[in-house]
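Pasted below: coords_12.cif, mmCIF, C-alpha atoms.
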```cif
data_work
#
loop_
_atom_site.label_atom_id
_atom_site.label_comp_id
_atom_site.auth_asym_id
_atom_site.auth_seq_id
_atom_site.Cartn_x
_atom_site.Cartn_y
_atom_site.Cartn_z
CA MET T 12 137.41 54.86 247.18
CA LEU T 13 136.57 56.94 244.13
CA ALA T 14 133.40 58.98 244.49
CA CYS T 15 131.47 61.31 242.24
CA GLY T 16 128.98 64.13 242.30
CA LEU T 17 126.15 63.61 239.84
CA ASP T 18 123.99 66.46 238.60
CA PHE T 19 121.21 64.75 236.65
CA GLY T 20 119.38 67.68 235.12
CA THR T 21 116.20 68.07 233.13
CA SER T 22 117.99 69.68 230.19
CA ASN T 23 121.68 68.95 230.83
CA SER T 24 123.74 66.77 233.14
CA ALA T 25 127.26 66.67 234.57
CA ILE T 26 129.29 64.30 236.71
CA GLY T 27 132.47 65.06 238.64
CA VAL T 28 135.13 62.75 240.06
CA ALA T 29 136.51 63.07 243.58
CA ASN T 30 139.86 61.34 244.05
CA GLY T 31 141.00 62.15 247.54
CA ALA T 32 140.76 65.91 247.93
CA ALA T 33 141.13 66.45 244.17
CA THR T 34 137.90 67.11 242.29
CA THR T 35 137.24 67.63 238.61
CA LEU T 36 134.31 67.36 236.24
CA ALA T 37 134.51 64.43 233.86
CA GLN T 38 134.45 64.86 230.11
CA VAL T 39 131.19 63.15 229.28
CA GLU T 40 130.78 63.95 225.60
CA GLY T 41 133.90 64.61 223.57
CA ASP T 42 135.85 67.22 225.51
CA SER T 43 132.70 68.68 227.10
CA ASP T 44 131.87 68.31 230.79
CA LEU T 45 128.18 68.93 230.08
CA ILE T 46 125.83 66.59 228.21
CA PRO T 47 122.21 67.14 227.12
CA SER T 48 119.89 64.83 229.05
CA ALA T 49 118.67 63.02 225.95
CA VAL T 50 118.43 59.41 224.82
CA PHE T 51 117.76 58.24 221.26
CA PHE T 52 116.75 54.69 220.39
CA ASP T 53 117.94 54.20 216.83
CA GLN T 54 115.43 52.00 215.04
CA GLU T 55 117.74 51.44 212.06
CA THR T 56 120.76 50.14 214.02
CA GLY T 57 119.11 49.03 217.25
CA GLY T 58 121.62 51.14 219.16
CA VAL T 59 121.11 53.66 221.97
CA LEU T 60 122.66 57.12 221.70
CA PHE T 61 123.05 59.80 224.33
CA GLY T 62 123.41 63.56 224.61
CA ALA T 63 124.18 65.82 221.67
CA ARG T 64 124.79 62.81 219.45
CA ALA T 65 121.29 61.53 220.23
CA ILE T 66 119.78 64.89 219.33
CA ALA T 67 121.83 65.28 216.14
CA THR T 68 120.83 61.80 214.95
CA TYR T 69 117.18 62.58 215.60
CA ILE T 70 117.39 65.95 213.83
CA GLY T 71 119.01 64.12 210.91
CA GLN T 72 115.70 62.29 210.48
CA ALA T 73 116.91 58.85 211.57
CA GLU T 74 114.09 56.47 212.42
CA GLY T 75 113.73 55.99 216.14
CA ARG T 76 112.55 57.50 219.41
CA LEU T 77 114.06 60.52 221.17
CA LEU T 78 113.41 61.12 224.85
CA ARG T 79 114.40 64.32 226.63
CA ALA T 80 113.51 66.07 229.90
CA LEU T 81 113.84 62.65 231.54
CA LYS T 82 114.12 64.03 235.06
CA THR T 83 110.60 65.44 234.96
CA ILE T 84 109.08 61.96 235.05
CA LEU T 85 110.40 61.45 238.60
CA GLY T 86 107.95 63.99 239.96
CA SER T 87 104.96 63.09 237.81
CA PRO T 88 102.55 60.19 237.14
CA LEU T 89 104.84 59.28 234.22
CA ILE T 90 107.11 57.62 236.78
CA ASP T 91 105.05 54.44 236.30
CA GLU T 92 104.50 54.76 232.53
CA LYS T 93 106.05 52.97 229.57
CA THR T 94 106.83 54.25 226.08
CA ALA T 95 106.89 52.40 222.76
CA ILE T 96 110.39 51.68 221.46
CA GLY T 97 109.89 49.91 218.16
CA ALA T 98 107.85 46.79 218.83
CA ARG T 99 108.38 46.79 222.59
CA ARG T 100 107.33 48.98 225.48
CA VAL T 101 110.00 50.27 227.82
CA ALA T 102 109.48 51.78 231.28
CA LEU T 103 110.49 55.42 231.37
CA THR T 104 112.47 54.72 234.53
CA GLU T 105 114.50 52.21 232.47
CA VAL T 106 115.36 55.03 230.07
CA VAL T 107 116.56 57.13 233.01
CA SER T 108 118.60 54.15 234.20
CA LEU T 109 120.32 53.83 230.80
CA PHE T 110 121.28 57.50 230.93
CA ILE T 111 122.64 57.29 234.51
CA GLN T 112 124.64 54.19 233.57
CA HIS T 113 126.07 56.06 230.60
CA LEU T 114 127.17 58.96 232.82
CA LYS T 115 128.80 56.56 235.28
CA SER T 116 130.68 54.73 232.53
CA ARG T 117 131.93 58.00 231.03
CA ALA T 118 133.14 59.20 234.44
CA GLU T 119 134.91 55.89 235.06
CA TYR T 120 136.59 56.05 231.67
CA PHE T 121 137.70 59.60 232.49
CA ALA T 122 138.97 58.57 235.95
CA GLY T 123 140.52 55.29 234.81
CA ASN T 124 138.93 53.43 237.69
CA GLU T 125 135.62 52.21 239.07
CA ILE T 126 133.49 54.73 240.97
CA MET T 127 131.65 53.24 243.93
CA ALA T 128 130.03 56.22 245.69
CA VAL T 129 127.83 59.05 244.48
CA VAL T 130 126.42 62.25 245.91
CA HIS T 131 123.31 62.75 243.83
CA GLY T 132 121.77 66.18 243.40
CA ARG T 133 118.03 66.47 243.88
CA PRO T 134 115.49 69.29 243.88
CA VAL T 135 114.10 70.46 247.20
CA HIS T 136 110.78 69.00 246.09
CA PHE T 137 110.36 66.47 243.31
CA VAL T 138 106.63 66.86 243.88
CA ASP T 139 104.88 69.93 245.28
CA GLY T 140 102.88 69.32 248.44
CA ASP T 141 103.09 65.50 248.39
CA PRO T 142 105.79 64.13 250.74
CA ALA T 143 104.95 60.50 249.92
CA ALA T 144 105.38 61.07 246.18
CA ASP T 145 108.56 63.00 246.88
CA ARG T 146 110.00 60.08 248.86
CA LYS T 147 109.01 57.72 246.05
CA ALA T 148 110.82 59.85 243.47
CA GLU T 149 114.03 59.91 245.53
CA GLY T 150 113.68 56.18 246.15
CA VAL T 151 113.41 55.49 242.43
CA LEU T 152 116.50 57.59 241.74
CA GLU T 153 118.41 55.79 244.49
CA SER T 154 117.39 52.40 243.09
CA ILE T 155 118.56 53.48 239.64
CA ALA T 156 121.91 54.61 241.08
CA ARG T 157 122.44 51.31 242.90
CA ALA T 158 121.45 49.32 239.82
CA ALA T 159 124.10 51.28 237.91
CA GLY T 160 126.73 49.96 240.34
CA PHE T 161 127.03 52.64 243.03
CA ARG T 162 127.40 51.05 246.48
CA GLU T 163 127.12 54.28 248.43
CA VAL T 164 124.35 56.72 247.47
CA SER T 165 123.48 59.97 249.21
CA PHE T 166 121.62 63.13 248.23
CA VAL T 167 122.14 66.88 248.52
CA TYR T 168 119.69 69.61 247.58
CA GLU T 169 120.86 71.17 244.33
CA PRO T 170 120.85 74.80 245.56
CA ILE T 171 123.00 73.81 248.54
CA ALA T 172 125.49 72.17 246.17
CA ALA T 173 125.56 75.39 244.13
CA ALA T 174 126.22 77.37 247.33
CA LEU T 175 129.19 75.14 248.15
CA HIS T 176 130.66 75.94 244.74
CA TYR T 177 130.05 79.68 245.14
CA GLU T 178 131.66 79.63 248.58
CA GLU T 179 135.00 78.53 247.14
CA THR T 180 135.65 82.07 245.88
CA ALA T 181 133.92 84.00 248.65
CA VAL T 182 136.17 86.56 250.36
CA ARG T 183 133.85 87.45 253.22
CA GLU T 184 130.94 86.02 255.13
CA GLU T 185 127.65 86.40 253.28
CA LEU T 186 124.02 85.49 253.69
CA VAL T 187 123.26 84.06 250.26
CA LEU T 188 119.96 83.23 248.61
CA VAL T 189 120.73 80.57 246.03
CA ALA T 190 118.29 80.59 243.13
CA ASP T 191 118.70 77.41 241.08
CA ILE T 192 116.36 77.79 238.10
CA GLY T 193 116.59 74.55 236.18
CA GLY T 194 114.73 72.89 233.37
CA GLY T 195 112.07 71.21 235.51
CA THR T 196 112.22 72.76 238.97
CA SER T 197 113.27 75.95 240.71
CA ASP T 198 114.94 75.61 244.09
CA PHE T 199 116.01 78.11 246.70
CA SER T 200 118.27 77.89 249.74
CA LEU T 201 119.26 80.59 252.21
CA ILE T 202 122.70 79.78 253.55
CA ARG T 203 125.55 81.47 255.39
CA ILE T 204 128.86 81.04 253.60
CA GLY T 205 132.37 82.40 254.02
CA PRO T 206 136.07 81.53 254.10
CA GLU T 207 135.99 80.65 257.81
CA ARG T 208 132.99 78.34 257.35
CA LEU T 209 134.42 76.59 254.29
CA GLY T 210 136.19 73.73 256.07
CA ARG T 211 133.64 72.99 258.77
CA PRO T 212 132.59 69.32 258.80
CA ASP T 213 129.01 70.12 259.80
CA ARG T 214 127.27 72.91 257.90
CA SER T 215 123.71 72.17 259.00
CA SER T 216 123.51 75.31 261.18
CA ASP T 217 124.50 77.46 258.18
CA ILE T 218 121.52 76.29 256.10
CA LEU T 219 118.66 78.49 257.23
CA ALA T 220 115.88 77.47 254.82
CA ASN T 221 115.10 75.53 251.65
CA THR T 222 112.12 75.66 249.34
CA GLY T 223 111.27 74.88 245.74
CA GLY T 224 108.59 74.11 243.21
CA ARG T 225 107.95 72.57 239.82
CA ILE T 226 108.58 75.70 237.78
CA GLY T 227 111.38 75.57 235.24
CA GLY T 228 112.67 76.09 231.74
CA THR T 229 110.46 73.42 230.21
CA ASP T 230 107.41 75.32 231.52
CA PHE T 231 108.67 78.45 229.77
CA ASP T 232 109.17 76.42 226.58
CA THR T 233 105.61 75.14 226.79
CA LEU T 234 104.10 78.58 227.32
CA LEU T 235 106.16 80.16 224.54
CA SER T 236 105.19 77.36 222.17
CA LEU T 237 101.48 77.69 222.98
CA ALA T 238 101.59 81.46 222.53
CA SER T 239 103.78 81.79 219.44
CA VAL T 240 103.79 78.52 217.50
CA MET T 241 100.67 76.49 218.17
CA PRO T 242 98.29 79.13 216.74
CA LEU T 243 100.00 78.49 213.37
CA LEU T 244 98.99 74.85 213.80
CA GLY T 245 95.37 75.64 214.61
CA LEU T 246 95.27 76.40 218.32
CA GLY T 247 92.65 79.08 218.97
CA THR T 248 90.75 78.38 215.74
CA HIS T 249 87.28 76.84 215.63
CA LEU T 250 85.38 73.89 214.29
CA ILE T 251 82.61 74.31 211.73
CA ASP T 252 80.06 72.53 213.94
CA LYS T 253 78.57 75.03 216.42
CA ASN T 254 81.75 77.11 216.13
CA LEU T 255 83.34 75.07 218.93
CA PRO T 256 86.99 75.83 219.77
CA MET T 257 89.67 73.49 218.51
CA PRO T 258 90.51 70.94 221.27
CA ARG T 259 93.53 72.12 223.25
CA GLY T 260 94.80 68.68 224.30
CA PRO T 261 97.02 67.79 221.30
CA TYR T 262 98.63 71.24 221.34
CA GLN T 263 99.36 71.06 225.06
CA GLU T 264 101.02 67.66 224.64
CA LEU T 265 103.00 68.78 221.59
CA ALA T 266 104.28 71.80 223.55
CA THR T 267 105.37 69.68 226.54
CA TRP T 268 108.74 67.95 226.27
CA ALA T 269 107.84 64.87 228.30
CA LEU T 270 104.54 64.22 226.46
CA ILE T 271 105.53 64.61 222.80
CA ASN T 272 106.13 60.91 222.19
CA PHE T 273 102.66 60.01 223.43
CA LEU T 274 101.19 61.71 220.33
CA TYR T 275 102.97 59.37 217.95
CA ASN T 276 100.32 56.74 217.32
CA GLN T 277 97.69 55.93 214.71
CA LYS T 278 94.78 56.82 217.00
CA THR T 279 96.05 60.39 217.43
CA GLU T 280 96.69 60.72 213.70
CA ARG T 281 93.11 59.63 212.92
CA GLU T 282 91.67 62.07 215.46
CA ILE T 283 93.66 65.00 214.06
CA ALA T 284 92.78 64.02 210.48
CA THR T 285 89.14 64.25 211.54
CA LEU T 286 89.78 67.70 213.04
CA VAL T 287 91.26 68.82 209.70
CA ARG T 288 87.98 67.95 207.97
CA GLN T 289 85.94 69.70 210.68
CA ALA T 290 88.11 72.84 210.98
CA ARG T 291 87.19 76.31 209.83
CA GLU T 292 90.88 76.86 209.03
CA PRO T 293 91.95 73.39 207.85
CA GLU T 294 95.28 74.55 206.43
CA ARG T 295 96.50 75.35 209.94
CA VAL T 296 95.37 72.08 211.48
CA ARG T 297 96.89 70.24 208.53
CA ARG T 298 100.27 71.53 209.74
CA LEU T 299 99.59 69.88 213.09
CA LEU T 300 98.86 66.60 211.33
CA ARG T 301 102.08 66.96 209.34
CA VAL T 302 104.10 67.44 212.53
CA ILE T 303 102.60 64.31 214.10
CA ARG T 304 102.95 62.12 211.02
CA ALA T 305 106.54 63.20 210.36
CA ARG T 306 107.50 62.95 214.05
CA LEU T 307 108.64 66.58 214.15
CA GLY T 308 107.55 67.32 217.71
CA HIS T 309 110.99 67.42 219.30
CA ARG T 310 112.41 69.39 216.41
CA LEU T 311 109.66 71.94 217.03
CA ALA T 312 110.44 71.97 220.74
CA PHE T 313 114.13 72.61 220.03
CA ALA T 314 113.20 75.59 217.83
CA VAL T 315 111.12 77.02 220.68
CA GLU T 316 113.91 76.44 223.20
CA ASP T 317 116.40 78.20 220.91
CA ALA T 318 114.03 81.17 220.65
CA LYS T 319 113.67 81.32 224.45
CA ILE T 320 117.45 81.41 224.81
CA ALA T 321 117.76 84.07 222.09
CA LEU T 322 115.28 86.31 223.95
CA SER T 323 117.66 86.42 226.92
CA ASP T 324 119.99 88.55 224.77
CA SER T 325 117.65 90.14 222.20
CA ASP T 326 114.33 91.96 222.33
CA GLU T 327 112.96 90.02 219.36
CA THR T 328 113.63 86.81 217.48
CA ILE T 329 112.15 84.60 214.75
CA LEU T 330 111.39 80.90 215.10
CA PRO T 331 112.17 79.20 211.76
CA LEU T 332 109.55 76.53 211.05
CA ASP T 333 110.45 75.71 207.47
CA PHE T 334 110.84 72.05 208.43
CA ILE T 335 107.04 72.06 208.74
CA GLU T 336 106.25 74.20 205.72
CA PRO T 337 108.51 76.28 203.43
CA THR T 338 108.79 79.94 204.56
CA LEU T 339 106.78 79.27 207.74
CA SER T 340 108.08 81.14 210.81
CA ALA T 341 106.84 82.63 214.06
CA PRO T 342 107.90 85.94 215.61
CA ALA T 343 108.57 86.22 219.34
CA SER T 344 109.45 89.19 221.51
CA ARG T 345 110.90 89.52 224.98
CA THR T 346 107.91 91.58 226.12
CA THR T 347 105.37 89.06 224.86
CA PHE T 348 107.35 86.21 226.40
CA ALA T 349 107.53 87.98 229.78
CA ASN T 350 103.76 88.50 229.71
CA THR T 351 103.19 84.89 228.67
CA VAL T 352 105.13 83.54 231.65
CA ALA T 353 103.81 86.15 234.12
CA GLU T 354 102.15 83.55 236.34
CA LYS T 355 105.33 81.48 236.52
CA ARG T 356 107.39 84.60 237.31
CA ALA T 357 105.01 85.39 240.15
CA GLY T 358 105.45 81.83 241.38
CA LEU T 359 109.23 82.21 241.43
CA HIS T 360 108.96 85.48 243.37
CA LYS T 361 106.69 83.76 245.87
CA LEU T 362 109.11 80.85 246.33
CA ALA T 363 112.09 83.17 246.84
CA SER T 364 110.16 85.28 249.35
CA ALA T 365 108.97 82.16 251.19
CA CYS T 366 112.54 80.90 251.54
CA ILE T 367 113.62 84.17 253.16
CA ALA T 368 110.56 84.25 255.42
CA ASP T 369 111.06 80.61 256.47
CA ALA T 370 114.59 81.51 257.58
CA GLY T 371 113.18 84.18 259.88
CA VAL T 372 115.24 87.02 258.39
CA GLN T 373 114.29 90.26 256.70
CA PRO T 374 114.74 90.59 252.93
CA ASP T 375 117.28 93.40 253.37
CA ALA T 376 119.49 91.05 255.41
CA VAL T 377 120.27 89.00 252.30
CA ASN T 378 123.68 90.06 250.95
CA THR T 379 123.73 88.12 247.68
CA ILE T 380 121.46 86.27 245.30
CA PHE T 381 123.48 83.58 243.58
CA PHE T 382 121.83 82.65 240.30
CA THR T 383 122.47 79.26 238.77
CA GLY T 384 120.73 76.95 236.30
CA GLY T 385 120.14 77.59 232.61
CA SER T 386 116.86 79.45 233.07
CA CYS T 387 118.40 82.02 235.44
CA ARG T 388 119.61 83.85 232.31
CA ILE T 389 116.06 84.96 231.45
CA PRO T 390 115.84 88.69 232.37
CA ALA T 391 112.21 88.51 233.52
CA VAL T 392 113.03 85.55 235.77
CA ARG T 393 115.99 87.32 237.37
CA ALA T 394 113.90 90.45 237.96
CA ALA T 395 111.11 88.49 239.67
CA ILE T 396 113.54 86.77 242.03
CA SER T 397 115.61 89.89 242.72
CA ALA T 398 112.46 91.68 243.88
CA ALA T 399 112.31 89.28 246.85
CA ALA T 400 115.58 90.74 248.21
CA PRO T 401 115.98 94.12 246.48
CA ALA T 402 119.10 95.15 248.42
CA ALA T 403 121.04 92.00 247.54
CA GLN T 404 123.76 91.93 244.92
CA ALA T 405 123.40 89.47 242.05
CA ALA T 406 126.16 86.90 241.53
CA GLN T 407 126.60 84.25 238.88
CA LYS T 408 129.32 81.88 237.68
CA SER T 409 129.36 78.54 235.87
CA ASP T 410 125.57 78.62 235.90
CA MET T 411 125.33 75.30 234.03
CA LEU T 412 127.96 73.58 236.17
CA SER T 413 127.75 75.07 239.69
CA VAL T 414 125.58 72.24 241.01
CA GLY T 415 127.82 69.53 239.57
CA LEU T 416 130.95 71.21 240.95
CA GLY T 417 129.39 71.59 244.40
CA LEU T 418 128.19 67.97 244.45
CA THR T 419 131.68 66.76 243.54
CA ARG T 420 133.19 68.81 246.35
CA GLU T 421 130.69 67.26 248.75
CA ALA T 422 131.51 63.77 247.41
CA ALA T 423 135.16 64.38 248.30
CA ARG T 424 134.19 65.40 251.81
CA ARG T 425 131.86 62.45 252.40
CA TYR T 426 133.65 59.59 250.71
CA ALA T 427 137.03 60.28 249.20
#
```

Show me, as structure tokens, the structure contained in the file I just sent.
Amino acid sequence: MLACGLDFGTSNSAIGVANGAATTLAQVEGDSDLIPSAVFFDQETGGVLFGARAIATYIGQAEGRLLRALKTILGSPLIDEKTAIGARRVALTEVVSLFIQHLKSRAEYFAGNEIMAVVHGRPVHFVDGDPAADRKAEGVLESIARAAGFREVSFVYEPIAAALHYEETAVREELVLVADIGGGTSDFSLIRIGPERLGRPDRSSDILANTGGRIGGTDFDTLLSLASVMPLLGLGTHLIDKNLPMPRGPYQELATWALINFLYNQKTEREIATLVRQAREPERVRRLLRVIRARLGHRLAFAVEDAKIALSDSDETILPLDFIEPTLSAPASRTTFANTVAEKRAGLHKLASACIADAGVQPDAVNTIFFTGGSCRIPAVRAAISAAAPAAQAAQKSDMLSVGLGLTREAARRYA
């Protein structure tokens, strides 16, 4: 029976095929084994596009609806919401289902056969501090997988999957803290790995602790947008009447990937048009109205995400915003960004420390911190996590694919 490992990520996704003991990631978009977790409903053709093609069509100003950061709805009240797609309303879980079905079909095309079993990655906690909501989120994802045609569905924590991938090249026994910093969640596992443990059928005694929380790359995007971009659209300015501050709500939604589409309606446009007339700095708020009317929210979010990525390698960068207004741009610096996300960095340090403490070991007993996930590249994030085990060496490889590779290996063990 063909099986697969499916890493459904907030920002990007991957799926691997296990055929007997052989495992390989499927090419899911062109010759790439990684696909952006994005769906575009093309209003002009009535078609549904996925991944980079969906994003490119949206950026090209095609009429339609783009949805990204789909995974975040599983751990939020949006799990029961619908969104407008043309003249109809579609459940957001149905959008997730379309994306999972697309991944399965691409993997089956790659494998040349039907895939009946899946090991699905999942965060340690879909929802912080709410076991019932967490079970509901996993249940929804399982239902989606079965509706897509998988007969056998099981789950593995994403940091454990990443550890299984890291272990394949380990030359000695190590106590490893896996730090999986993804787009929507950050997850940690403390696990013993090594060449002699690699083939053991039961690894439960090697997994010493797991923890996680809803802190991820999309949070960093939101905070960077609010700090660097939204002031150019009127955030922080005041109304003429009683010098009241400009309402924060529209800016918060515009800066949050999963909420952008909820701004695209006539009611919101009327409310912001009223704010333009009431604003002390109407030219700034008029930019906000332009973004909403022209449906530029996701394009703005992509510009912010690109700047965040650039700050991992450079001390300063510029966000080009000429699609809103000619010559408009926003500067951003690594120092300012680190200060902006200080609370989130502290949260990551707390989670990493809690994982070590829950395992009942001392921080200096940790040999390695294995970083994975797109947001692990942010220097301030790595520093905050490393401080939880200062004697540990940092390790990293295939940070966008480690989870998918580990899940596929586990699929081979369980099913193939």

For the file shown, report as a VMD selection string the outcome of the PyMOL selection byres ((chain T and resi 351) around 10) at residue level. chain T and resid 231 234 to 235 237 to 239 345 to 350 352 to 356

So what does the PyMOL selection byres ((chain T and resi 335) around 10) actually pick up in this one, as a ChimeraX atom specification? /T:244,298-299,301-302,305,307,310-311,331-334,336-340

Show me, as a ChimeraX atom specification, the residues that have an atom within 12 Å of Leu188 in chain T when counting only C-alpha atoms, minus same-chain residues fewer than 3 positions from it. /T:170-171,173-174,177,185,191,198-204,218-222,362-368,370,372,374-383,396-397,399-407

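Counting from CA of Pro134 in chain T, the distance to CA of Leu322 in chain T is 26.2 Å.
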
What's the separation between CA of Thr180 in chain T and CA of Ile389 in chain T, in Å to one decimal place?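 Going from CA of Thr180 in chain T over to CA of Ile389 in chain T covers 24.5 Å.
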
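Here CA of Thr94 in chain T is placed at a distance of 14.7 Å from CA of Gln277 in chain T.
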
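Each of T:Ala73, T:Ala80, T:Ala395, T:Ala269 was checked against Pro47 in chain T using all atoms listed in the file; the smallest atom-to-atom distance is that of T:Ala80.
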
Specify as an NGL selection string each residue included when the PyMOL selection byres ((chain T and resi 90) around 10) is applied to this file. :T and (81-89 or 91-93 or 102-104 or 147-148 or 151)

Would you mind listing what lies within 9 Å of Leu109 in chain T as a PyMOL selection string, with only C-alpha atoms counted and same-chain residues fewer than 5 positions away left out? chain T and resi 50+59+104+114+159

Which residues of range 244-289 of chain T come within 12 Å of range 314-317 of chain T, and what is each one's closest atom pair and distance in Å (one decimal), counting only C-alpha atoms, sorted by chain and residue number, as JSON lines?
```
{"residue": "T:Leu265", "atom": "CA", "partner": "T:Val315", "partner_atom": "CA", "distance": 11.6}
{"residue": "T:Ala266", "atom": "CA", "partner": "T:Val315", "partner_atom": "CA", "distance": 9.1}
{"residue": "T:Thr267", "atom": "CA", "partner": "T:Val315", "partner_atom": "CA", "distance": 11.0}
{"residue": "T:Trp268", "atom": "CA", "partner": "T:Glu316", "partner_atom": "CA", "distance": 10.4}
```

Once 4 Å is added on each side, what are the centre and the three edge lengths, in Å to one decimal, of the axis-aligned box enclosing the listed atoms of range 283-294 of chain T? Present them as JSON.
```
{"center_x": 90.6, "center_y": 70.4, "center_z": 210.2, "size_x": 17.3, "size_y": 20.8, "size_z": 15.6}
```

Is it possible to get the residues within 12 Å of (122.2, 46.8, 239.3) (coordinates as in the file, counting all atoms listed in the file) written as a ChimeraX atom specification? /T:105,108-109,111-112,153-162

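For the set T:Tyr69, T:Phe52, T:Phe137, T:Phe313, the residue with the smallest atom-to-atom gap to Ile226 in chain T is T:Phe137, counting only C-alpha atoms.
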
Neighbours of Gln289 in chain T within 7 Å (all atoms listed in the file; same-chain residues fewer than 4 positions away dropped), as a PyMOL selection string? chain T and resi 250-251+285

Between T:Gly150, T:Gly223, T:Gly260, T:Gly308, smallest distance to Gln72 in chain T by all atoms listed in the file belongs to T:Gly308

Selected residue of minimal separation from Arg214 in chain T among T:Leu175, T:Ala143, T:Ile303, T:Ile70, counting all atoms listed in the file: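 Among the listed residues, T:Leu175 lies closest to Arg214 in chain T.
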
Go through T:Leu359, T:Leu286, T:Leu255, T:Glu294 and flag the residue nearest Leu243 in chain T, using all atoms listed in the file for the distances.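 Among T:Leu359, T:Leu286, T:Leu255, T:Glu294, it is T:Glu294 that comes nearest to Leu243 in chain T.
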
If I put a ball of radius 10 Å at (138.4, 60.5, 247.8) in the file's coordinates, which residues poke into it when counting all atoms listed in the file, written as a list in words?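 Collected hits near the coordinates: Met12, Leu13, Ala14, Cys15, Val28, Ala29, Asn30, Gly31, Ala32, Ala33, Thr34, Ala128, Arg420, Ala422, Ala423, Arg424, Arg425, Tyr426 and Ala427 of chain T.
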
Which residue of T:Thr68, T:Asn272, T:Gln373, T:Ser116 approaches Gln54 in chain T most closely, using all atoms listed in the file: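 For Gln54 in chain T, the nearest of the candidates is T:Thr68.
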
Completion step: range 162-166 of chain T with all heavy atoms as a JSON list (two decimals), in the frame of the given file:
```json
[["chain", "number", "residue", "atom", "x", "y", "z"],
["T", 162, "ARG", "N", 127.66, 51.71, 245.20],
["T", 162, "ARG", "CA", 127.40, 51.05, 246.48],
["T", 162, "ARG", "C", 126.95, 52.03, 247.55],
["T", 162, "ARG", "O", 126.18, 51.69, 248.44],
["T", 162, "ARG", "CB", 128.66, 50.32, 246.95],
["T", 162, "ARG", "CG", 129.05, 49.14, 246.07],
["T", 162, "ARG", "CD", 130.30, 48.46, 246.62],
["T", 162, "ARG", "NE", 130.78, 47.42, 245.72],
["T", 162, "ARG", "CZ", 131.92, 46.75, 245.88],
["T", 162, "ARG", "NH1", 132.69, 47.03, 246.93],
["T", 162, "ARG", "NH2", 132.30, 45.83, 245.01],
["T", 163, "GLU", "N", 127.48, 53.23, 247.48],
["T", 163, "GLU", "CA", 127.12, 54.28, 248.43],
["T", 163, "GLU", "C", 126.38, 55.38, 247.68],
["T", 163, "GLU", "O", 126.90, 55.92, 246.70],
["T", 163, "GLU", "CB", 128.37, 54.86, 249.11],
["T", 163, "GLU", "CG", 129.19, 53.85, 249.90],
["T", 163, "GLU", "CD", 128.50, 53.43, 251.18],
["T", 163, "GLU", "OE1", 127.60, 54.18, 251.64],
["T", 163, "GLU", "OE2", 128.85, 52.37, 251.73],
["T", 164, "VAL", "N", 125.17, 55.70, 248.14],
["T", 164, "VAL", "CA", 124.35, 56.72, 247.47],
["T", 164, "VAL", "C", 123.81, 57.68, 248.52],
["T", 164, "VAL", "O", 123.21, 57.26, 249.51],
["T", 164, "VAL", "CB", 123.15, 56.08, 246.72],
["T", 164, "VAL", "CG1", 122.33, 57.16, 246.01],
["T", 164, "VAL", "CG2", 123.63, 55.02, 245.73],
["T", 165, "SER", "N", 124.05, 58.95, 248.33],
["T", 165, "SER", "CA", 123.48, 59.97, 249.21],
["T", 165, "SER", "C", 123.02, 61.15, 248.37],
["T", 165, "SER", "O", 123.37, 61.26, 247.19],
["T", 165, "SER", "CB", 124.49, 60.42, 250.28],
["T", 165, "SER", "OG", 125.66, 60.94, 249.68],
["T", 166, "PHE", "N", 122.24, 62.03, 248.98],
["T", 166, "PHE", "CA", 121.62, 63.13, 248.23],
["T", 166, "PHE", "C", 121.93, 64.47, 248.89],
["T", 166, "PHE", "O", 122.08, 64.56, 250.11],
["T", 166, "PHE", "CB", 120.11, 62.94, 248.15],
["T", 166, "PHE", "CG", 119.69, 61.78, 247.29],
["T", 166, "PHE", "CD1", 119.55, 60.51, 247.82],
["T", 166, "PHE", "CD2", 119.44, 61.97, 245.93],
["T", 166, "PHE", "CE1", 119.17, 59.45, 247.02],
["T", 166, "PHE", "CE2", 119.06, 60.91, 245.13],
["T", 166, "PHE", "CZ", 118.92, 59.64, 245.67]]
```
